[in-house]
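K.L.:
My structure is below; once you've seen it, I'll send some questions.
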Number of protein chains: 2
Amino acid sequence: MNFCSSCGSAVSLTIPAGDDRERYVCVSCEAIHYTNPRVIVGCLPVYEGRVLLCRRAIEPRRNFWTLPAGFMENGETSAGGAARETWEEAEAKAIDLQLYRIFDVPHISQLYMFYRCGLEDGAFGAGPESLESALFDEADVPWDEIAFPVVYKALKEYFDDRRRGEYPVRVSSIERLKRPPA
Amino acid sequence: MNFCSSCGSAVSLTIPAGDDRERYVCVSCEAIHYTNPRVIVGCLPVYEGRVLLCRRAIEPRRNFWTLPAGFMENGETSAGGAARETWEEAEAKAIDLQLYRIFDVPHISQLYMFYRCGLEDGAFGAGPESLESALFDEADVPWDEIAFPVVYKALKEYFDDRRRGEYPVRVSSIERLKRPPA
Ligand SMILES: [Zn+2]
Ligand SMILES: [Zn+2]
């Protein structure tokens, strides 16, 4: 950040009065420009026991498989955003959303929220950011071609939880992004 | 937003290629300036069966009682932020944090996350944004002087859950901020 989005003057990194950390403060109008973590909302859609994954058409991790997810937008709920992403990336209507998994990723200031859900009519397709979508039984999940550690972990836990028959909401932190074990 | 924070030129509200909603886009360097919901993290601290509340020293809702909470900062986890706010507002060390309550507040693009927690040594005080802090039994909570609907609702649910002996993680949406019933 170099310039004030309100008045166009330069900003400088200083600790405002009454604050305890550096913020971008306008040297002219004194506006304080906060930056905060962003929320990524997504779904873990299940239909007839199989999980819906999308193969990414875009970087990063093009060609790898992921759950439908993306940045939460202003004016929507977390579940609403998760359903929107499922529609946009997999052309699938998420139903019966239940909060399932939260990941803190502090080193990139992100917070993931995944909802378990069903799929209306079992229908799906591929949105512009996906090469294809498909439903997978546990044994058929392309475990060594999963795009992101949070997706790998959420899927593994889901199948474990299903064997136990309970789906507790979990929160944990991912300290540094690593590739899932091949 | 009037000016590009990267180059200082004017921005205009337009729908970028491949997007489906208006963003602030720089007319000069073409940077897209996204704005996203902000996360508010807080604690519901309990010590020997009583709940810790803080009386607000600042607007909005000065003099009203609240749970320690505030905007999640870059580089921290949601639980870490909730504990930080508990320290800053109530000079209390939150321990054993358990995710408890999520509120979507889409009309102001906010997401609340409350953690249940204990208090180390039962110690607390009042940070600069609080006039005082105090532990309350259910019957003594100042129900008609609670600052925010999300706090009122989280507290009511907590005492109900405690009678039942289980604390499910709940998510719901608050469509418009209303005062709690007096
Ligand atoms: Zn300015
Ligand atoms: Zn620019």
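Identifiers in this document derive from the order of the structure tokens: chains are assigned A, B, ..., residues are numbered from 1 separately in each chain, and ligands are numbered from 1 in order of occurrence.
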Collect all residues with atoms no farther than 9 Å from ligand 2, counting only C-alpha atoms and all ligand atoms, and output them as a list in words.
P.N.:
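Result of the 9 Å neighbour search around ligand 2: Phe3, Cys4, Ser5, Ser6, Cys7, Gly8, Ser9, Ala10, Val11, Val25, Cys26, Val27, Ser28, Cys29, Glu30, Ala31 and Ile32 of chain B.
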K.L.:
Any idea which chain B residues end up within 10 Å of chain A if we count only C-alpha atoms, as a PyMOL selection string please?
P.N.:
chain B and resi 1-11+18+21+33-39+71-80+98-100+102-111+128-129+168-175
K.L.:
Where in segment 55-117 of chain A does DSSP assign alpha helix (DSSP H), given as a PyMOL selection string?
P.N.:
chain A and resi 78-90
K.L.:
Which residues come within 10 Å of segment 157-165 of chain A, counting only C-alpha atoms, excluding same-chain residues fewer than 4 positions away, as a short mmCIF file (atom, residue, chain, number, x, y, z; two decimals) with all heavy atoms, in the first residue's frame?
P.N.:
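To be explicit, this is the file written out as out-v1.cif:
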```cif
data_model
loop_
_atom_site.label_atom_id
_atom_site.label_comp_id
_atom_site.auth_asym_id
_atom_site.auth_seq_id
_atom_site.Cartn_x
_atom_site.Cartn_y
_atom_site.Cartn_z
N LEU A 44 -17.91 -29.30 1.14
CA LEU A 44 -17.52 -30.69 0.95
C LEU A 44 -18.83 -31.40 0.58
O LEU A 44 -19.56 -31.86 1.45
CB LEU A 44 -16.90 -31.23 2.24
CG LEU A 44 -16.13 -32.55 2.18
CD1 LEU A 44 -15.23 -32.71 3.40
CD2 LEU A 44 -17.03 -33.75 2.02
N GLY A 49 -22.90 -41.04 -0.96
CA GLY A 49 -21.67 -41.53 -0.35
C GLY A 49 -20.40 -41.11 -1.05
O GLY A 49 -19.30 -41.37 -0.56
N VAL A 51 -17.88 -38.08 -2.81
CA VAL A 51 -17.52 -36.67 -2.60
C VAL A 51 -17.23 -36.01 -3.93
O VAL A 51 -16.57 -36.57 -4.80
CB VAL A 51 -16.27 -36.60 -1.69
CG1 VAL A 51 -15.68 -35.20 -1.67
CG2 VAL A 51 -16.63 -37.04 -0.27
N TYR A 100 -18.39 -27.64 9.12
CA TYR A 100 -17.63 -28.86 9.40
C TYR A 100 -16.20 -28.59 9.83
O TYR A 100 -15.71 -29.13 10.81
CB TYR A 100 -17.66 -29.75 8.16
CG TYR A 100 -16.93 -31.06 8.32
CD1 TYR A 100 -17.17 -31.87 9.41
CD2 TYR A 100 -15.98 -31.46 7.38
CE1 TYR A 100 -16.50 -33.09 9.57
CE2 TYR A 100 -15.31 -32.67 7.53
CZ TYR A 100 -15.58 -33.47 8.62
OH TYR A 100 -14.91 -34.64 8.78
N ARG A 101 -15.48 -27.73 9.11
CA ARG A 101 -14.04 -27.63 9.33
C ARG A 101 -13.55 -26.21 9.15
O ARG A 101 -13.84 -25.57 8.14
CB ARG A 101 -13.34 -28.56 8.32
CG ARG A 101 -11.87 -28.78 8.62
CD ARG A 101 -11.69 -29.35 10.02
NE ARG A 101 -10.36 -29.90 10.25
CZ ARG A 101 -9.37 -29.23 10.88
NH1 ARG A 101 -9.54 -27.98 11.26
NH2 ARG A 101 -8.22 -29.85 11.11
N ARG A 116 -20.03 -29.19 5.14
CA ARG A 116 -20.54 -30.41 4.52
C ARG A 116 -21.88 -30.08 3.88
O ARG A 116 -22.64 -29.25 4.39
CB ARG A 116 -20.78 -31.50 5.57
CG ARG A 116 -19.52 -32.12 6.14
CD ARG A 116 -19.86 -33.28 7.08
NE ARG A 116 -20.66 -32.85 8.21
CZ ARG A 116 -21.83 -33.37 8.54
NH1 ARG A 116 -22.36 -34.36 7.83
NH2 ARG A 116 -22.50 -32.90 9.59
N ASP A 137 -15.68 -42.16 -4.64
CA ASP A 137 -15.63 -42.98 -3.43
C ASP A 137 -14.28 -42.77 -2.78
O ASP A 137 -13.32 -42.37 -3.44
CB ASP A 137 -15.80 -44.46 -3.80
CG ASP A 137 -17.24 -44.80 -4.15
OD1 ASP A 137 -18.14 -44.38 -3.40
OD2 ASP A 137 -17.45 -45.48 -5.17
N GLU A 138 -14.21 -43.10 -1.49
CA GLU A 138 -12.95 -42.86 -0.77
C GLU A 138 -11.76 -43.50 -1.49
O GLU A 138 -10.70 -42.89 -1.63
CB GLU A 138 -13.05 -43.41 0.66
CG GLU A 138 -11.75 -43.20 1.45
CD GLU A 138 -11.90 -43.61 2.92
OE1 GLU A 138 -12.94 -44.20 3.27
OE2 GLU A 138 -10.96 -43.34 3.69
N VAL A 151 -7.53 -29.09 1.85
CA VAL A 151 -8.51 -29.96 1.18
C VAL A 151 -8.19 -31.43 1.49
O VAL A 151 -9.09 -32.22 1.83
CB VAL A 151 -8.50 -29.70 -0.34
CG1 VAL A 151 -9.34 -30.73 -1.08
CG2 VAL A 151 -9.01 -28.29 -0.63
N TYR A 152 -6.91 -31.78 1.40
CA TYR A 152 -6.48 -33.13 1.72
C TYR A 152 -6.91 -33.52 3.14
O TYR A 152 -7.50 -34.58 3.38
CB TYR A 152 -4.96 -33.20 1.59
CG TYR A 152 -4.36 -34.57 1.79
CD1 TYR A 152 -4.19 -35.44 0.70
CD2 TYR A 152 -3.95 -34.98 3.04
CE1 TYR A 152 -3.63 -36.69 0.88
CE2 TYR A 152 -3.39 -36.22 3.24
CZ TYR A 152 -3.22 -37.08 2.15
OH TYR A 152 -2.66 -38.32 2.34
N LYS A 153 -6.65 -32.62 4.07
CA LYS A 153 -6.93 -32.90 5.48
C LYS A 153 -8.44 -32.99 5.74
O LYS A 153 -8.91 -33.90 6.44
CB LYS A 153 -6.30 -31.77 6.32
CG LYS A 153 -6.08 -32.10 7.78
CD LYS A 153 -5.09 -31.09 8.40
CE LYS A 153 -5.10 -31.13 9.92
NZ LYS A 153 -4.82 -32.46 10.48
N ARG A 170 -14.31 -28.98 13.71
CA ARG A 170 -12.93 -28.88 14.17
C ARG A 170 -12.30 -27.57 13.72
O ARG A 170 -12.61 -27.07 12.65
CB ARG A 170 -12.08 -30.02 13.61
CG ARG A 170 -12.40 -31.38 14.18
CD ARG A 170 -11.30 -32.38 13.84
NE ARG A 170 -11.73 -33.72 14.21
CZ ARG A 170 -12.49 -34.49 13.45
NH1 ARG A 170 -12.89 -34.06 12.25
NH2 ARG A 170 -12.85 -35.69 13.86
#
```
K.L.:
If you run DSSP on the backbone here, which positions in segment 30-97 of chain B get strand (DSSP E or B)? Please write them as a PyMOL selection string.
P.N.:
chain B and resi 32-33+38-47+50-56+65-66+69-71+94-97
K.L.:
Pick out the residues sitting within 9 Å of Tyr47 of chain B, and hand them over as a list in words; count only C-alpha atoms, and ignore anything fewer than 3 positions along from it in its own chain.
P.N.:
Arg50, Val51, Leu52, Cys117, Gly118, Leu119, Glu120, Asp121, Gly122 and Leu135 of chain B
K.L.:
To one decimal place, how far is atom CA of Ala123 of chain A from atom CA of Asp140 of chain A in Å?
P.N.:
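A separation of 19.4 Å between them.
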K.L.:
Considering only C-alpha atoms and all ligand atoms, state which residue in the set A:Arg62, A:Asp19, A:Tyr24, A:Gly42 is at the smallest distance from ligand 1.
P.N.:
A:Tyr24
K.L.:
Can you tell me how far atom CA of Trp87 of chain A sits from atom CA of Arg55 of chain A, in Å to one decimal?
P.N.:
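Calculated distance between atom CA of Trp87 of chain A and atom CA of Arg55 of chain A is 14.5 Å.
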